[in-house]
$ cat target_4.csv   # CSV, C-alpha atoms
chain,number,residue,atom,x,y,z
V,7,MET,CA,3.9,-35.5,-8.3
V,8,SER,CA,6.8,-37.3,-6.8
V,9,GLU,CA,7.0,-41.1,-6.9
V,10,HIS,CA,7.6,-40.9,-3.2
V,11,GLU,CA,4.2,-39.8,-2.4
V,12,SER,CA,2.3,-42.3,-0.4
V,13,SER,CA,-1.1,-43.5,-1.4
V,14,PHE,CA,-2.8,-42.6,1.8
V,15,VAL,CA,-1.7,-39.0,2.4
V,16,HIS,CA,-2.2,-35.7,0.8
V,17,VAL,CA,0.8,-33.7,0.0
V,18,SER,CA,0.0,-29.9,-0.1
V,19,SER,CA,1.5,-28.0,-3.0
V,20,VAL,CA,3.7,-25.0,-2.2
V,21,LYS,CA,1.2,-22.9,-4.1
V,22,LEU,CA,-1.6,-23.9,-1.8
V,23,LEU,CA,0.5,-23.3,1.3
V,24,LEU,CA,1.4,-19.8,0.1
V,25,ILE,CA,-2.2,-19.0,-0.9
V,26,VAL,CA,-3.4,-19.9,2.6
V,27,TRP,CA,-0.6,-17.9,4.1
V,28,VAL,CA,-1.6,-14.8,2.1
V,29,ALA,CA,-5.3,-15.4,3.1
V,30,LEU,CA,-4.3,-15.5,6.8
V,31,MET,CA,-2.2,-12.3,6.5
V,32,VAL,CA,-5.1,-10.5,4.8
V,33,GLY,CA,-7.4,-11.9,7.6
V,34,THR,CA,-5.1,-10.5,10.2
V,35,TRP,CA,-5.1,-7.1,8.5
V,36,PHE,CA,-9.0,-7.2,8.4
V,37,THR,CA,-9.2,-8.1,12.1
V,38,VAL,CA,-7.0,-5.2,13.0
V,39,SER,CA,-8.8,-2.7,10.7
V,40,ALA,CA,-12.2,-3.9,11.8
V,41,SER,CA,-11.2,-3.3,15.4
V,42,ASN,CA,-10.5,0.4,14.5
V,43,ILE,CA,-14.0,1.0,13.3
V,44,ASP,CA,-16.7,1.5,15.9
V,45,LEU,CA,-19.5,-1.0,15.1
V,46,GLY,CA,-20.8,-1.0,18.6
V,47,PHE,CA,-21.8,-4.5,19.9
V,48,LEU,CA,-21.0,-5.9,16.4
V,49,ASN,CA,-17.3,-5.3,16.8
V,50,ILE,CA,-16.7,-8.5,18.8
V,51,TRP,CA,-18.8,-10.6,16.5
V,52,VAL,CA,-17.1,-9.3,13.3
V,53,GLY,CA,-13.8,-10.0,15.0
V,54,LEU,CA,-14.8,-13.5,16.0
V,55,ALA,CA,-16.2,-14.2,12.5
V,56,ILE,CA,-12.9,-13.2,10.9
V,57,ALA,CA,-10.9,-15.1,13.5
V,58,THR,CA,-13.0,-18.2,12.9
V,59,ALA,CA,-12.6,-17.9,9.2
V,60,LYS,CA,-8.8,-17.9,9.8
V,61,ALA,CA,-9.1,-20.9,12.1
V,62,VAL,CA,-11.1,-22.8,9.5
V,63,LEU,CA,-8.4,-22.1,6.9
V,64,VAL,CA,-5.7,-23.3,9.3
V,65,GLY,CA,-7.7,-26.4,10.1
V,66,LEU,CA,-8.7,-27.3,6.6
V,67,TYR,CA,-5.5,-26.8,4.8
V,68,TYR,CA,-2.5,-26.6,7.2
V,69,MET,CA,-3.9,-29.3,9.5
V,70,HIS,CA,-5.1,-31.3,6.5
V,71,LEU,CA,-8.6,-31.8,7.8
V,72,ARG,CA,-9.9,-31.4,4.2
V,73,TRP,CA,-8.2,-34.6,3.1
V,74,ASP,CA,-8.3,-36.4,6.4
V,75,LYS,CA,-10.7,-39.0,7.6
V,76,PRO,CA,-13.9,-37.1,8.6
V,77,PHE,CA,-13.7,-38.7,12.0
V,78,ASN,CA,-10.8,-36.4,13.0
V,79,SER,CA,-12.9,-33.3,12.1
V,80,PHE,CA,-15.8,-34.8,13.9
V,81,PHE,CA,-13.7,-35.1,17.0
V,82,PHE,CA,-12.3,-31.7,16.8
V,83,LEU,CA,-15.6,-30.0,16.2
V,84,GLY,CA,-16.9,-32.0,19.2
V,85,ALA,CA,-14.4,-30.1,21.3
V,86,PHE,CA,-15.9,-26.8,20.2
V,87,LEU,CA,-19.4,-28.1,20.8
V,88,PHE,CA,-18.5,-28.8,24.4
V,89,LEU,CA,-16.7,-25.6,24.7
V,90,PHE,CA,-19.8,-23.7,23.6
V,91,LEU,CA,-21.9,-25.6,26.1
V,92,PHE,CA,-19.3,-24.7,28.8
V,93,ILE,CA,-19.2,-21.0,27.9
V,94,GLY,CA,-23.0,-20.8,27.3
V,95,PHE,CA,-24.1,-22.4,30.6
V,96,ALA,CA,-21.5,-20.4,32.5
V,97,MET,CA,-22.7,-17.1,31.0
V,98,MET,CA,-26.4,-18.0,31.5
V,99,ASP,CA,-25.6,-18.7,35.1
V,100,SER,CA,-23.6,-15.6,35.7
V,101,ALA,CA,-26.4,-13.5,34.1
V,102,HIS,CA,-28.5,-14.4,37.1
V,103,TYR,CA,-25.9,-12.7,39.4
V,104,GLN,CA,-25.7,-9.3,37.8
V,105,PRO,CA,-24.4,-6.8,40.3
V,106,ASP,CA,-27.4,-4.4,39.7
V,107,LEU,CA,-29.9,-7.0,40.8
V,108,ILE,CA,-28.8,-6.1,44.4
V,109,PRO,CA,-27.5,-2.6,44.1
V,110,GLY,CA,-24.1,-2.0,45.4
V,111,TYR,CA,-23.4,-5.6,46.0
V,112,SER,CA,-21.7,-8.0,43.7
V,113,PRO,CA,-20.4,-11.3,45.2
V,114,GLY,CA,-16.7,-11.7,45.1
V,115,MET,CA,-16.1,-8.5,43.2
V,116,GLY,CA,-16.0,-6.0,46.1
V,117,ASP,CA,-12.9,-4.2,47.0
P,28,MET,CA,-0.2,-56.6,-0.9
P,29,SER,CA,0.0,-53.5,-3.0
P,30,ASP,CA,-1.5,-51.5,-0.1
P,31,ARG,CA,1.5,-52.4,2.1
P,32,GLU,CA,3.9,-51.4,-0.6
P,33,HIS,CA,2.5,-47.9,-0.9
P,34,ALA,CA,2.1,-47.6,2.8
P,35,SER,CA,5.7,-48.6,3.5
P,36,ASN,CA,6.6,-45.3,2.0
P,37,ASP,CA,6.0,-44.1,5.5
P,38,GLY,CA,9.3,-45.8,6.3
P,39,MET,CA,8.3,-46.7,9.8
P,40,ALA,CA,8.4,-50.3,11.1
P,41,VAL,CA,4.8,-51.4,11.5
P,42,ASP,CA,4.1,-52.6,15.0
P,43,HIS,CA,2.5,-56.0,15.3
P,44,HIS,CA,-0.8,-54.8,16.5
P,45,PHE,CA,-1.4,-52.7,13.3
P,46,GLU,CA,-2.7,-54.1,10.1
P,47,ASN,CA,-0.4,-51.9,8.0
P,48,ALA,CA,1.5,-48.6,8.0
P,49,ASP,CA,-1.6,-46.7,6.9
P,50,GLN,CA,-3.6,-47.9,9.9
P,51,GLN,CA,-0.6,-47.1,12.2
P,52,TYR,CA,-0.4,-43.6,10.8
P,53,GLN,CA,-4.1,-43.0,11.1
P,54,SER,CA,-4.1,-44.2,14.7
P,55,ALA,CA,-1.3,-41.9,15.5
P,56,LYS,CA,-3.2,-39.1,13.9
P,57,LEU,CA,-6.4,-39.8,15.7
P,58,GLY,CA,-4.5,-39.9,19.0
P,59,MET,CA,-3.1,-36.5,18.2
P,60,TRP,CA,-6.5,-35.1,17.4
P,61,VAL,CA,-7.8,-36.4,20.7
P,62,PHE,CA,-4.9,-34.6,22.4
P,63,LEU,CA,-5.7,-31.4,20.5
P,64,THR,CA,-9.3,-31.8,21.7
P,65,THR,CA,-8.2,-31.9,25.3
P,66,GLU,CA,-6.0,-28.8,24.6
P,67,ILE,CA,-9.1,-26.9,23.4
P,68,LEU,CA,-10.9,-27.8,26.5
P,69,PHE,CA,-7.8,-27.0,28.7
P,70,PHE,CA,-7.8,-23.5,27.3
P,71,GLY,CA,-11.6,-23.6,27.4
P,72,GLY,CA,-11.6,-23.0,31.1
P,73,LEU,CA,-9.8,-19.7,30.6
P,74,PHE,CA,-12.0,-18.7,27.8
P,75,VAL,CA,-15.0,-19.2,30.1
P,76,ALA,CA,-13.4,-17.0,32.8
P,77,TYR,CA,-12.8,-14.4,30.1
P,78,ALA,CA,-16.4,-14.6,28.8
P,79,VAL,CA,-17.9,-14.4,32.3
P,80,TYR,CA,-15.8,-11.5,33.5
P,81,ARG,CA,-16.0,-9.6,30.3
P,82,GLY,CA,-19.8,-10.1,30.2
P,83,ASN,CA,-20.2,-8.8,33.7
P,84,HIS,CA,-17.5,-6.2,33.8
P,85,PRO,CA,-16.8,-4.9,30.3
P,86,GLU,CA,-15.2,-1.7,31.6
P,87,VAL,CA,-12.4,-3.6,33.2
P,88,PHE,CA,-11.4,-5.0,29.8
P,89,VAL,CA,-11.8,-1.7,27.9
P,90,PHE,CA,-9.5,-0.1,30.5
P,91,GLY,CA,-7.0,-2.9,30.6
P,92,HIS,CA,-6.5,-3.3,26.9
P,93,HIS,CA,-5.2,0.3,26.6
P,94,PHE,CA,-2.0,-1.0,28.2
P,95,LEU,CA,-1.4,-3.6,25.5
P,96,ASP,CA,0.3,-2.6,22.3
P,97,LYS,CA,-1.9,-3.6,19.4
P,98,ASN,CA,1.1,-3.4,17.0
P,99,LEU,CA,3.1,-5.9,19.0
P,100,GLY,CA,0.2,-8.2,19.2
P,101,ALA,CA,-0.3,-8.0,15.4
P,102,LEU,CA,3.4,-8.6,14.9
P,103,ASN,CA,3.2,-11.7,17.0
P,104,THR,CA,0.2,-12.9,15.0
P,105,VAL,CA,2.1,-12.4,11.8
P,106,ILE,CA,5.1,-14.3,13.2
P,107,LEU,CA,2.9,-17.2,14.3
P,108,ILE,CA,1.2,-17.4,10.9
P,109,CYS,CA,4.6,-17.4,9.2
P,110,SER,CA,5.7,-20.2,11.5
P,111,SER,CA,2.5,-22.1,10.7
P,112,LEU,CA,3.5,-21.8,7.0
P,113,THR,CA,7.0,-23.2,7.6
P,114,ALA,CA,5.6,-26.0,9.8
P,115,ALA,CA,3.1,-27.0,7.1
P,116,TRP,CA,6.0,-26.8,4.6
P,117,ALA,CA,8.1,-29.0,6.8
P,118,VAL,CA,5.4,-31.7,6.6
P,119,ARG,CA,5.4,-31.5,2.8
P,120,ALA,CA,9.2,-31.7,2.8
P,121,ALA,CA,9.2,-34.8,5.0
P,122,GLN,CA,6.5,-36.4,2.9
P,123,LEU,CA,8.6,-35.9,-0.2
P,124,ARG,CA,11.9,-36.8,1.5
P,125,GLN,CA,13.4,-33.4,0.9
P,126,ILE,CA,15.6,-33.6,4.0
P,127,GLY,CA,17.5,-30.3,3.4
P,128,MET,CA,14.2,-28.4,2.9
P,129,LEU,CA,12.8,-30.2,6.0
P,130,LYS,CA,15.7,-29.1,8.2
P,131,LEU,CA,15.4,-25.5,6.9
P,132,MET,CA,11.7,-25.4,7.6
P,133,ILE,CA,12.1,-26.8,11.0
P,134,LEU,CA,14.8,-24.3,11.8
P,135,LEU,CA,12.7,-21.4,10.4
P,136,THR,CA,9.8,-22.5,12.6
P,137,ILE,CA,12.1,-22.5,15.7
P,138,VAL,CA,13.4,-19.0,14.7
P,139,PHE,CA,9.8,-17.7,14.4
P,140,ALA,CA,8.9,-19.3,17.7
P,141,PHE,CA,11.8,-17.6,19.4
P,142,GLY,CA,10.8,-14.3,17.7
P,143,PHE,CA,7.3,-14.7,19.2
P,144,MET,CA,8.7,-15.3,22.7
P,145,GLY,CA,11.1,-12.4,22.3
P,146,VAL,CA,8.2,-10.0,21.6
P,147,LYS,CA,6.3,-11.6,24.4
P,148,ALA,CA,9.2,-11.1,26.8
P,149,PHE,CA,9.4,-7.4,25.7
P,150,GLU,CA,5.7,-7.0,26.5
P,151,TYR,CA,5.9,-8.8,29.8
P,152,ASN,CA,8.8,-6.8,30.8
P,153,GLY,CA,6.9,-3.6,30.2
P,154,LYS,CA,4.0,-4.8,32.3
P,155,TRP,CA,6.4,-5.9,35.0
P,156,LYS,CA,8.1,-2.5,35.2
P,157,HIS,CA,4.8,-0.7,35.5
P,158,GLY,CA,3.3,-3.1,38.1
P,159,LEU,CA,0.6,-4.2,35.7
P,160,LEU,CA,0.4,-7.7,37.1
P,161,TRP,CA,-2.2,-10.2,38.1
P,162,ALA,CA,-4.4,-9.7,41.1
P,163,GLY,CA,-2.4,-9.6,44.3
P,164,GLN,CA,0.7,-8.2,42.6
P,165,TYR,CA,-1.2,-5.5,40.8
P,166,ASP,CA,0.5,-2.2,41.7
P,167,PRO,CA,0.5,0.2,38.8
P,168,HIS,CA,3.1,2.9,38.7
P,169,LEU,CA,2.9,4.3,35.2
P,170,GLU,CA,5.0,7.5,35.3
P,171,ASP,CA,6.4,6.9,31.8
P,172,HIS,CA,3.8,4.7,30.2
P,173,GLY,CA,2.4,7.4,27.9
P,174,GLU,CA,-0.7,9.4,27.8
P,175,THR,CA,-2.9,7.4,30.1
P,176,SER,CA,-0.4,7.4,32.9
P,177,HIS,CA,-1.4,10.5,34.8
P,178,GLU,CA,-5.0,9.4,34.9
P,179,VAL,CA,-4.4,6.2,36.7
P,180,ILE,CA,-4.4,6.0,40.4
P,181,GLY,CA,-3.3,2.7,41.6
P,182,GLU,CA,-5.4,0.9,44.2
P,183,GLU,CA,-2.4,0.0,46.3
P,184,SER,CA,-0.8,3.4,46.3
P,185,ALA,CA,-4.2,5.0,46.9
P,186,GLU,CA,-4.6,2.9,50.0
P,187,ASP,CA,-1.1,3.9,51.1
P,188,ALA,CA,-2.0,7.5,50.8
P,189,HIS,CA,-5.4,7.0,52.6
P,190,ILE,CA,-7.2,8.3,49.5
P,191,GLU,CA,-10.3,6.8,48.3
P,192,ILE,CA,-9.9,4.8,45.2
P,193,VAL,CA,-11.0,6.6,42.1
P,194,THR,CA,-13.8,4.8,40.4
P,195,GLU,CA,-16.3,6.1,37.8
P,196,GLU,CA,-18.9,6.3,40.5
P,197,THR,CA,-16.9,8.6,42.7
P,198,ILE,CA,-16.1,10.8,39.8
P,199,VAL,CA,-19.7,11.1,38.9
P,200,GLU,CA,-20.6,11.8,42.4
P,201,ALA,CA,-18.0,14.5,42.5
P,202,ILE,CA,-19.3,16.1,39.4
P,203,GLU,CA,-22.8,16.1,40.7
P,204,ALA,CA,-21.7,17.6,44.0
P,205,GLN,CA,-19.8,20.3,42.2
P,206,PRO,CA,-21.7,23.5,41.4
P,207,ALA,CA,-21.9,23.3,37.6
P,208,ALA,CA,-21.4,27.0,37.1
P,209,ASP,CA,-18.2,27.2,39.2
P,210,PRO,CA,-15.7,28.7,36.7
P,211,ASN,CA,-12.7,27.9,38.9
P,212,ARG,CA,-13.3,24.2,39.3
P,213,SER,CA,-9.8,23.3,38.4
P,214,THR,CA,-8.3,25.5,41.0
P,215,ILE,CA,-9.9,23.8,43.9
P,216,GLU,CA,-7.3,22.2,46.1
P,217,PRO,CA,-7.2,18.4,46.1
P,218,ALA,CA,-9.1,16.9,48.9
P,219,ALA,CA,-7.1,15.0,51.4
P,220,GLU,CA,-9.8,12.6,52.2
P,221,GLY,CA,-13.2,11.6,50.8
P,222,PRO,CA,-14.3,11.4,47.2
P,223,ALA,CA,-11.2,11.9,45.1
P,224,GLY,CA,-13.0,13.6,42.3
P,225,LEU,CA,-11.9,17.1,43.3
P,226,ALA,CA,-8.3,15.8,43.7
P,227,ALA,CA,-8.1,15.0,40.1
P,228,PRO,CA,-9.5,17.8,38.0
P,229,ASP,CA,-7.8,16.4,34.9
P,230,LEU,CA,-10.2,13.4,35.0
P,231,VAL,CA,-13.2,15.6,34.6
P,232,ALA,CA,-11.8,17.3,31.6
P,233,ALA,CA,-10.8,14.0,30.0
P,234,ASP,CA,-12.4,12.7,26.9
P,235,GLU,CA,-15.6,11.2,28.0
P,236,THR,CA,-15.9,8.7,25.2
P,237,GLU,CA,-13.1,6.6,26.5
P,238,VAL,CA,-13.0,4.9,29.9
P,239,GLU,CA,-9.7,6.3,31.1
P,240,ILE,CA,-10.4,6.2,34.8
P,241,GLU,CA,-9.4,3.0,36.4
P,242,PRO,CA,-12.5,0.9,37.2
P,243,ALA,CA,-12.7,-1.2,40.2
P,244,ASN,CA,-10.9,-4.6,39.9
P,245,ALA,CA,-8.8,-3.6,36.9
P,246,GLN,CA,-6.4,-6.3,38.1
P,247,THR,CA,-8.8,-8.9,36.9
P,248,TYR,CA,-8.0,-8.1,33.3
P,249,PHE,CA,-4.3,-8.6,34.0
P,250,SER,CA,-4.9,-11.9,35.8
P,251,ILE,CA,-6.7,-13.2,32.7
P,252,TYR,CA,-4.2,-11.7,30.4
P,253,PHE,CA,-1.2,-13.3,32.1
P,254,LEU,CA,-3.0,-16.7,32.5
P,255,MET,CA,-4.1,-16.9,28.9
P,256,THR,CA,-0.9,-15.6,27.3
P,257,GLY,CA,1.2,-17.4,29.8
P,258,LEU,CA,-0.4,-20.8,29.2
P,259,HIS,CA,-0.1,-20.1,25.5
P,260,GLY,CA,3.6,-19.1,25.9
P,261,ILE,CA,4.3,-22.4,27.8
P,262,HIS,CA,2.8,-24.1,24.7
P,263,VAL,CA,5.1,-22.2,22.4
P,264,ILE,CA,8.1,-23.2,24.5
P,265,GLY,CA,6.9,-26.8,24.4
P,266,GLY,CA,6.7,-26.4,20.6
P,267,ILE,CA,10.2,-25.1,20.4
P,268,GLY,CA,11.3,-28.2,22.3
P,269,ALA,CA,9.3,-30.5,20.0
P,270,PHE,CA,10.8,-28.9,16.8
P,271,ALA,CA,14.3,-29.1,18.3
P,272,TRP,CA,13.7,-32.8,18.8
P,273,LEU,CA,12.5,-33.0,15.1
P,274,LEU,CA,15.7,-31.3,14.0
P,275,LEU,CA,17.8,-33.9,15.9
P,276,CYS,CA,15.7,-36.7,14.3
P,277,ALA,CA,16.3,-35.2,10.9
P,278,ARG,CA,20.1,-35.0,11.5
P,279,ARG,CA,20.1,-38.6,12.6
P,280,GLY,CA,18.4,-39.5,9.3
P,281,ASP,CA,15.2,-40.7,10.8
P,282,PHE,CA,13.2,-39.1,8.0
P,283,ASP,CA,15.4,-40.3,5.2
P,284,GLY,CA,13.1,-43.3,4.5
P,285,GLY,CA,10.0,-41.1,4.1
P,286,HIS,CA,8.7,-41.5,7.7
P,287,PHE,CA,7.0,-38.3,8.4
P,288,THR,CA,4.4,-39.1,11.1
P,289,ARG,CA,6.4,-37.3,13.8
P,290,VAL,CA,6.7,-34.1,11.7
P,291,ASP,CA,3.0,-34.2,10.9
P,292,MET,CA,2.0,-34.6,14.6
P,293,VAL,CA,4.3,-31.8,15.9
P,294,ALA,CA,3.0,-29.6,13.0
P,295,LEU,CA,-0.6,-30.3,14.0
P,296,TYR,CA,0.2,-29.2,17.6
P,297,TRP,CA,1.9,-26.1,16.3
P,298,HIS,CA,-1.1,-25.1,14.2
P,299,LEU,CA,-3.3,-25.5,17.2
P,300,VAL,CA,-1.0,-23.1,19.1
P,301,ASP,CA,-1.3,-20.7,16.2
P,302,LEU,CA,-5.1,-21.1,16.1
P,303,ILE,CA,-5.5,-20.3,19.8
P,304,TRP,CA,-3.3,-17.2,19.4
P,305,ILE,CA,-5.6,-15.9,16.6
P,306,TYR,CA,-8.4,-15.8,19.2
P,307,LEU,CA,-6.2,-14.5,22.1
P,308,PHE,CA,-5.0,-11.6,19.9
P,309,LEU,CA,-8.6,-10.7,19.1
P,310,LEU,CA,-9.9,-11.0,22.6
P,311,LEU,CA,-7.1,-9.4,24.6
P,312,TYR,CA,-5.6,-6.8,22.3
P,313,LEU,CA,-8.5,-5.7,20.0
P,314,ILE,CA,-11.1,-4.6,22.5
P,315,ASP,CA,-12.8,-1.3,21.6

$ encode --input "target_4.csv" --output "structure tokens"
Amino acid sequence: MSEHESSFVHVSSVKLLLIVWVALMVGTWFTVSASNIDLGFLNIWVGLAIATAKAVLVGLYYMHLRWDKPFNSFFFLGAFLFLFLFIGFAMMDSAHYQPDLIPGYSPGMGD
Amino acid sequence: MSDREHASNDGMAVDHHFENADQQYQSAKLGMWVFLTTEILFFGGLFVAYAVYRGNHPEVFVFGHHFLDKNLGALNTVILICSSLTAAWAVRAAQLRQIGMLKLMILLTIVFAFGFMGVKAFEYNGKWKHGLLWAGQYDPHLEDHGETSHEVIGEESAEDAHIEIVTEETIVEAIEAQPAADPNRSTIEPAAEGPAGLAAPDLVAADETEVEIEPANAQTYFSIYFLMTGLHGIHVIGGIGAFAWLLLCARRGDFDGGHFTRVDMVALYWHLVDLIWIYLFLLLYLID
């Protein structure tokens, strides 16, 4: 490697950058193809799994998390933990207000 | 101190409150990650809105996504992934003091970003022309939108014409009210008032596997669509500004000494914008 490379940073090789790029492209193709196949309720989960795999690739390699101090990853994953709590509790709550619990009436959704 | 010698490769003057350039760089990076965390939670509110509305009213999303062009969405995904590659390459170039390559990669990233916004503008323009806007401005008029056009009766225009809004329920009611054996169902004159089922015989014959009849509150989908893609678009515009600033810095020779922290931070932000789009593309365009 170049003598300019600092001791405390990781310099990604062009090869690695391109491999990740190809993987992301293939992932995009998979996402679109998977959406064309009817898997019922699985569709959204397959899509989310592929999207998350792509996000992990971006995070690990393009965002250097793989070579970073683990504390940065810890912080970032913490955001997702709180995001899941946010979404999870909101959906649990809204499940108690299904329109069909009181037929014909759904608060705030009438026309 | 050998540590300092290596670290000084960063080329940045070390502020007095830092031990060395490494610590300064790591602090900047941690600060950036904290910012990205807040960005996730910023978008998180919209993802919650999406999850709650889609959970309760999936038909609205199935209906709405027919008006989005999957190919344009995929094209934008590809553009953003390419821009992520060039952004990551720019960081590498800055680290290795390849200033020419750095400028090229920054420029390419900006070009991709403009390409993304161009496609987005084209899509927004189509929505605007057809009145497929957020709640309050939602007034669909889809004469030339393609196959789904004639099946859509807009809420606003229906109100103007004093016709009851067509929902799935009214269609079902109309079908039930209709004698099943009537061979001339399609010749019955449209009703001026009341259930609109008879007024739209095409709907009855339509492919029943697809929800092609406008469900109640279809505008909710477009509210969420514009809020999510709009906030994302604002981030893309911000990214263009940040990369333009980097280009100016590169021209000024700021990175000649191997100082790459700025490039690294802007690239981190850009990757996050890409990352969010990966999910937006899936959640808004690929509903089936």

$ interface_residues --input "target_4.csv" --of "chain P" --to "chain V" --cutoff "8 Å" --atoms "all atoms listed in the file" --output "number ranges by chain"
P: 33-34, 36-37, 49, 57, 60-61, 63-65, 67-68, 71, 74-75, 78-79, 82-83, 101, 104-105, 108-109, 111-112, 115-116, 119, 122-124, 243-244, 285, 294-295, 298, 302, 305-306, 309, 313-315

$ atom_distance --input "target_4.csv" --atom1 "atom CA of Thr256 of chain P" --atom2 "atom CA of Ala55 of chain P"
28.8 Å

$ atom_distance --input "target_4.csv" --atom1 "atom CA of Val146 of chain P" --atom2 "atom CA of Met132 of chain P"
21.1 Å

$ closest_residue --input "target_4.csv" --among "P:Glu150, P:Gly127, P:Asn98, P:Leu159" --to "Tyr248 of chain P" --atoms "all atoms listed in the file"
P:Leu159

$ atom_distance --input "target_4.csv" --atom1 "atom CA of His262 of chain P" --atom2 "atom CA of Phe249 of chain P"
19.4 Å

$ residues_around --input "target_4.csv" --residues "Val89 of chain P" --least-positions-apart "2" --cutoff "12 Å" --atoms "only C-alpha atoms" --output "PyMOL selection string"
chain P and resi 80-82+84-87+91-95+236-242+245+247-249+310-315

$ closest_residue --input "target_4.csv" --among "P:Leu107, P:Ile126, P:Val138, P:Val41" --to "Leu299 of chain P" --atoms "all atoms listed in the file"
P:Leu107

$ build_atoms --input "target_4.csv" --residues "segment 130-148 of chain P" --atoms "N, CA and C atoms" --output "PDB file, keeping the file's coordinate frame"
ATOM      1  N   LYS P 130      14.893 -29.681   7.113  1.00  0.00           N
ATOM      2  CA  LYS P 130      15.700 -29.100   8.200  1.00  0.00           C
ATOM      3  C   LYS P 130      15.549 -27.553   8.161  1.00  0.00           C
ATOM      4  N   LEU P 131      15.569 -26.979   6.964  1.00  0.00           N
ATOM      5  CA  LEU P 131      15.400 -25.500   6.900  1.00  0.00           C
ATOM      6  C   LEU P 131      14.109 -25.056   7.442  1.00  0.00           C
ATOM      7  N   MET P 132      13.024 -25.771   7.095  1.00  0.00           N
ATOM      8  CA  MET P 132      11.700 -25.400   7.600  1.00  0.00           C
ATOM      9  C   MET P 132      11.552 -25.527   9.065  1.00  0.00           C
ATOM     10  N   ILE P 133      12.110 -26.599   9.589  1.00  0.00           N
ATOM     11  CA  ILE P 133      12.100 -26.800  11.000  1.00  0.00           C
ATOM     12  C   ILE P 133      12.833 -25.661  11.737  1.00  0.00           C
ATOM     13  N   LEU P 134      13.987 -25.348  11.174  1.00  0.00           N
ATOM     14  CA  LEU P 134      14.800 -24.300  11.800  1.00  0.00           C
ATOM     15  C   LEU P 134      14.090 -22.950  11.716  1.00  0.00           C
ATOM     16  N   LEU P 135      13.468 -22.651  10.569  1.00  0.00           N
ATOM     17  CA  LEU P 135      12.700 -21.400  10.400  1.00  0.00           C
ATOM     18  C   LEU P 135      11.597 -21.333  11.464  1.00  0.00           C
ATOM     19  N   THR P 136      10.905 -22.457  11.642  1.00  0.00           N
ATOM     20  CA  THR P 136       9.800 -22.500  12.600  1.00  0.00           C
ATOM     21  C   THR P 136      10.324 -22.178  14.005  1.00  0.00           C
ATOM     22  N   ILE P 137      11.478 -22.756  14.337  1.00  0.00           N
ATOM     23  CA  ILE P 137      12.100 -22.500  15.700  1.00  0.00           C
ATOM     24  C   ILE P 137      12.437 -21.014  15.787  1.00  0.00           C
ATOM     25  N   VAL P 138      12.998 -20.453  14.714  1.00  0.00           N
ATOM     26  CA  VAL P 138      13.400 -19.000  14.700  1.00  0.00           C
ATOM     27  C   VAL P 138      12.146 -18.166  14.958  1.00  0.00           C
ATOM     28  N   PHE P 139      11.059 -18.465  14.240  1.00  0.00           N
ATOM     29  CA  PHE P 139       9.800 -17.700  14.400  1.00  0.00           C
ATOM     30  C   PHE P 139       9.304 -17.839  15.840  1.00  0.00           C
ATOM     31  N   ALA P 140       9.393 -19.054  16.374  1.00  0.00           N
ATOM     32  CA  ALA P 140       8.900 -19.300  17.700  1.00  0.00           C
ATOM     33  C   ALA P 140       9.692 -18.454  18.738  1.00  0.00           C
ATOM     34  N   PHE P 141      11.007 -18.399  18.545  1.00  0.00           N
ATOM     35  CA  PHE P 141      11.800 -17.600  19.400  1.00  0.00           C
ATOM     36  C   PHE P 141      11.481 -16.093  19.245  1.00  0.00           C
ATOM     37  N   GLY P 142      11.213 -15.707  17.991  1.00  0.00           N
ATOM     38  CA  GLY P 142      10.800 -14.300  17.700  1.00  0.00           C
ATOM     39  C   GLY P 142       9.530 -13.989  18.500  1.00  0.00           C
ATOM     40  N   PHE P 143       8.580 -14.916  18.480  1.00  0.00           N
ATOM     41  CA  PHE P 143       7.300 -14.700  19.200  1.00  0.00           C
ATOM     42  C   PHE P 143       7.606 -14.539  20.697  1.00  0.00           C
ATOM     43  N   MET P 144       8.435 -15.422  21.252  1.00  0.00           N
ATOM     44  CA  MET P 144       8.700 -15.300  22.700  1.00  0.00           C
ATOM     45  C   MET P 144       9.499 -14.062  23.016  1.00  0.00           C
ATOM     46  N   GLY P 145      10.326 -13.602  22.069  1.00  0.00           N
ATOM     47  CA  GLY P 145      11.100 -12.400  22.300  1.00  0.00           C
ATOM     48  C   GLY P 145      10.126 -11.174  22.425  1.00  0.00           C
ATOM     49  N   VAL P 146       9.163 -11.090  21.486  1.00  0.00           N
ATOM     50  CA  VAL P 146       8.200 -10.000  21.600  1.00  0.00           C
ATOM     51  C   VAL P 146       7.389 -10.103  22.850  1.00  0.00           C
ATOM     52  N   LYS P 147       7.032 -11.351  23.195  1.00  0.00           N
ATOM     53  CA  LYS P 147       6.300 -11.600  24.400  1.00  0.00           C
ATOM     54  C   LYS P 147       7.059 -11.146  25.645  1.00  0.00           C
ATOM     55  N   ALA P 148       8.334 -11.477  25.661  1.00  0.00           N
ATOM     56  CA  ALA P 148       9.200 -11.100  26.800  1.00  0.00           C
ATOM     57  C   ALA P 148       9.261  -9.578  26.908  1.00  0.00           C
TER      58      ALA P 148
END
